[in-house]
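What follows is a single structure, written as structure tokens, with notes after it.
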Amino acid sequence: MKSDKNKTIDLTIEEGREYLDRCMKEDEAKAGLSAGKIRDRIITGDTFRILPKLPPAFARLLIVDPPYNLTKNYGGREFRQMRDEDYRQFTRSWLSLCMPLLTEDASVYVCCDWRSSMIIGPVLEEFLTVRSRITWQREKGRGASANWKNGMEDIWFATVSDDYTFHMEDVRQRRRVVAPYRENGRPKDWEETEEGRFRDTCPSNFWDDISIPYWSMAENTAHPAQKPEKLMAKLILASSSEGDMILDPFAGSGTSAVTAAKLGRHFVAIEQNEQYCVWAQKRLEMAGSDRRIQGYSDGVFWERNTSRWQKQGK
């Protein structure tokens with residue numbers, strides 16, 4: 001029996017059959033589909049077979065969280081570690097299929113660990129203009145007796161052209177003020193709130209305010225590599241506008257799709273594992289009545305463990 005505080009979504013395929021039925025099936029994704037037909041849909045099937053059937057130039061933002069180059073079990077399907085050159089070709093394969101689907105002003109974010117990052121970065125430069133590499137603190141990770149504990153992951157930021165969207169004001173971070181400087185007796189670049197003294201800072205490419213989903217968070221599932229909604233919200237708010245279409249070819253438990261829906265964007269998400277699709281559809285249903293994103297409120301991203309941050313998602 002789960003604790004009442006344990007909010008983990010754990011529907012089985014049998015229990016969530018109605019959610020799976022809401023997904024578009026791979027054989028329904030036929031060549032010639034319009035953007036309207038696939039808008040706000042999770043498509044169940046092999047992304048390498050589905051991507052060539054999608055309409056050209058429909059997505060303004062591509063978010064990719066591919067299997068890292070590690071041997072890992074994803075719901076009964078094992079992804080096996082490859083030689084570097086094979087993983088390089090794997091990356092080229094999905095990226096070359098995604099490129100025709102992007103608008104000329106599209107942005108691209110690709111998630112990776114430190115080892116696959118060294119492969120993915122140069123491949124992105126073959127197709128796109130690389131703008132930055134974000135590093136975010138995972139907060140979790142197993143200790144290592146003969147190496148440094150791996151507590152960081154990367155996200156590459158790239159664009160199709162020099163014409164792209166970046167809403168800096170929408171992704172400011174609210175940080176505690178350690179030295180509250182005043183000018184003429186008034187706070188300079190900070191404000192006094194009920195929670196304390198804070199300053200809204202420009203976003204950097206190092207993020208130390210992200211929490212991996214855990215059992216008391218409503219977004220949590222049993223997916224072995226689930227990304228947090230807060231992380232996706234930063235990417236979506238910075239590099240898209242309301243009404244834009246977001247493509248995710250390795251959707252997992254649906255974090256990008258759910259976050260897009262909460263923020264007024266459209267999405268197309270592809271996922272091969274039916275169990276993950278069930279969780280994604282359940283989360284989309286929940287997002288219809290609760291659009292909160294833990295750690296994001298009042299138009300800013302809060303540091304961990306501030307009182308406003310702790311209230312989110314409860």
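Letters A, B, ... mark the chains of the structure tokens in the order given; residue numbers begin at 1 per chain; ligand numbers begin at 1, in order shown.
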
#### Entry: DSSP strand (DSSP E) selection over segment 43-142 of chain A, as an NGL selection string
:A and (43-44 or 59-64 or 72-74 or 77-79 or 102-112 or 129-137)

Using the selection just defined, write its residues with C-alpha atoms as a CSV table (one decimal), in the first residue's frame.
chain,number,residue,atom,x,y,z
A,43,ILE,CA,2.1,8.9,-31.0
A,44,THR,CA,2.9,5.4,-29.9
A,59,ALA,CA,7.9,22.6,-35.1
A,60,ARG,CA,9.4,25.7,-33.7
A,61,LEU,CA,11.1,23.9,-30.8
A,62,LEU,CA,12.7,20.5,-30.8
A,63,ILE,CA,13.4,18.9,-27.3
A,64,VAL,CA,15.3,15.6,-27.4
A,72,LYS,CA,19.8,0.7,-19.4
A,73,ASN,CA,16.4,-1.0,-19.2
A,74,TYR,CA,13.5,1.1,-20.3
A,77,ARG,CA,13.3,-2.8,-23.6
A,78,GLU,CA,17.1,-2.6,-23.2
A,79,PHE,CA,19.2,0.1,-24.8
A,102,LEU,CA,11.7,22.4,-38.1
A,103,THR,CA,10.9,25.9,-39.0
A,104,GLU,CA,13.7,28.3,-40.1
A,105,ASP,CA,13.5,30.0,-36.8
A,106,ALA,CA,13.4,26.9,-34.7
A,107,SER,CA,15.5,26.1,-31.6
A,108,VAL,CA,16.8,22.7,-30.5
A,109,TYR,CA,17.7,21.3,-27.0
A,110,VAL,CA,19.3,17.9,-26.6
A,111,CYS,CA,19.8,16.3,-23.2
A,112,CYS,CA,22.8,14.1,-22.4
A,129,THR,CA,24.4,26.6,-34.9
A,130,VAL,CA,25.3,25.6,-31.4
A,131,ARG,CA,24.6,28.5,-29.0
A,132,SER,CA,25.4,27.1,-25.5
A,133,ARG,CA,25.8,24.1,-23.3
A,134,ILE,CA,23.7,24.1,-20.2
A,135,THR,CA,24.8,22.1,-17.2
A,136,TRP,CA,22.3,21.2,-14.5
A,137,GLN,CA,22.8,19.7,-11.1

- For Leu128 of chain A, please output as a list of chain:residue names all residues within 9 Å (counting only C-alpha atoms; exclusion window: fewer than 2 positions along the same chain).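 Contacts, in chain order: A:Val108, A:Val123, A:Leu124, A:Glu125, A:Glu126, A:Val130, A:Ala158, A:Thr159, A:Val160, A:Ser161.
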
For Gln275 of chain A, work out the shell of residues within 12 Å, counting only C-alpha atoms and skipping chain neighbours fewer than 4 positions away, then give it as a PDB file with C-alpha atoms, in the first residue's frame.
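To be explicit, this is the file written out as out32.pdb:
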ATOM      1  CA  ILE A   9       1.620   7.593 -11.001  1.00  0.00           C
ATOM      2  CA  ASP A  10       1.745   3.804 -11.275  1.00  0.00           C
ATOM      3  CA  LEU A  11      -1.145   2.775 -13.535  1.00  0.00           C
ATOM      4  CA  THR A  12      -0.490  -0.431 -15.453  1.00  0.00           C
ATOM      5  CA  ILE A  13      -1.326  -0.728 -19.149  1.00  0.00           C
ATOM      6  CA  GLU A  14      -4.406  -2.773 -18.243  1.00  0.00           C
ATOM      7  CA  GLU A  15      -5.573  -0.185 -15.710  1.00  0.00           C
ATOM      8  CA  GLY A  16      -4.822   2.641 -18.131  1.00  0.00           C
ATOM      9  CA  ARG A  17      -6.091   1.108 -21.359  1.00  0.00           C
ATOM     10  CA  TYR A  19      -5.264   6.393 -21.790  1.00  0.00           C
ATOM     11  CA  LEU A  20      -3.363   4.264 -24.271  1.00  0.00           C
ATOM     12  CA  ASP A  21      -6.353   4.378 -26.621  1.00  0.00           C
ATOM     13  CA  CYS A  23      -2.630   7.904 -28.349  1.00  0.00           C
ATOM     14  CA  THR A  44       2.935   5.382 -29.925  1.00  0.00           C
ATOM     15  CA  GLY A  45       5.613   3.663 -31.972  1.00  0.00           C
ATOM     16  CA  TYR A  74      13.476   1.128 -20.286  1.00  0.00           C
ATOM     17  CA  GLY A  75      10.312  -0.706 -19.271  1.00  0.00           C
ATOM     18  CA  GLY A  76      11.460  -4.090 -20.556  1.00  0.00           C
ATOM     19  CA  ARG A  77      13.313  -2.793 -23.617  1.00  0.00           C
ATOM     20  CA  THR A 221       6.347   8.158 -12.390  1.00  0.00           C
ATOM     21  CA  ALA A 222       8.463   5.010 -12.329  1.00  0.00           C
ATOM     22  CA  HIS A 223      10.291   6.013 -15.524  1.00  0.00           C
ATOM     23  CA  ALA A 251       8.948  11.435 -25.085  1.00  0.00           C
ATOM     24  CA  GLY A 252       9.322   8.956 -22.211  1.00  0.00           C
ATOM     25  CA  SER A 253       6.651   9.626 -19.585  1.00  0.00           C
ATOM     26  CA  GLY A 254       5.622  12.851 -21.332  1.00  0.00           C
ATOM     27  CA  GLU A 271       7.188   7.219 -27.516  1.00  0.00           C
ATOM     28  CA  TRP A 279       1.612   7.646 -17.756  1.00  0.00           C
ATOM     29  CA  ALA A 280       2.003  10.538 -20.192  1.00  0.00           C
ATOM     30  CA  GLN A 281      -1.708  10.590 -21.035  1.00  0.00           C
ATOM     31  CA  LYS A 282      -2.631  10.402 -17.354  1.00  0.00           C
TER      32      LYS A 282
END

Pro180 of chain A environment, 9 Å, only C-alpha atoms, sequence neighbours closer than 3 positions dropped, as a list in words:
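Those residues are Val177, Pro187, Lys188, Trp190, Arg197 and Phe198 of chain A.
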
For the selection just defined, write its residues with C-alpha atoms to a file, as a PDB file, in the first residue's frame.
ATOM      1  CA  VAL A 177      19.906  38.348  -1.459  1.00  0.00           C
ATOM      2  CA  PRO A 187      16.655  48.303  -2.074  1.00  0.00           C
ATOM      3  CA  LYS A 188      18.779  48.297  -5.243  1.00  0.00           C
ATOM      4  CA  TRP A 190      16.089  43.417  -5.025  1.00  0.00           C
ATOM      5  CA  ARG A 197      14.804  39.291   0.302  1.00  0.00           C
ATOM      6  CA  PHE A 198      15.121  38.238  -3.333  1.00  0.00           C
TER       7      PHE A 198
END

Practice problem: Write out as a list of chain:residue names each polymer residue whose atoms come within 8 Å of Arg291 of chain A, counting only C-alpha atoms; drop sequence neighbours fewer than 3 positions from it. | Solution: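 Residues near the query, excluding close chain neighbours: A:Lys262, A:Leu263, A:Ala287, A:Gly288.
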
Deliver the residues from the most recent selection as a file, using C-alpha atoms, as an mmCIF file, in the first residue's frame.
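This went into again.cif:
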data_model
loop_
_atom_site.group_PDB
_atom_site.id
_atom_site.type_symbol
_atom_site.label_atom_id
_atom_site.label_comp_id
_atom_site.auth_asym_id
_atom_site.auth_seq_id
_atom_site.Cartn_x
_atom_site.Cartn_y
_atom_site.Cartn_z
ATOM 1 C CA LYS A 262 0.575 23.766 -18.964
ATOM 2 C CA LEU A 263 2.339 26.702 -20.638
ATOM 3 C CA ALA A 287 -2.596 19.021 -16.249
ATOM 4 C CA GLY A 288 -6.068 19.956 -17.480
#

Would you pick out the contacts of Ala269 of chain A at 7 Å or less, using only C-alpha atoms, so that residues sharing its chain but fewer than 5 positions from it are not included, and give the list as a VMD selection string? chain A and resid 41 to 43 247 to 249 251 257

ask   = Using only C-alpha atoms, which residues sit within 9 Å of Glu139 of chain A once same-chain residues fewer than 4 positions away are excluded, as a list in words?
value = Gly151, Met152, Asp208, Ile210, Ser211 and Ile212 of chain A
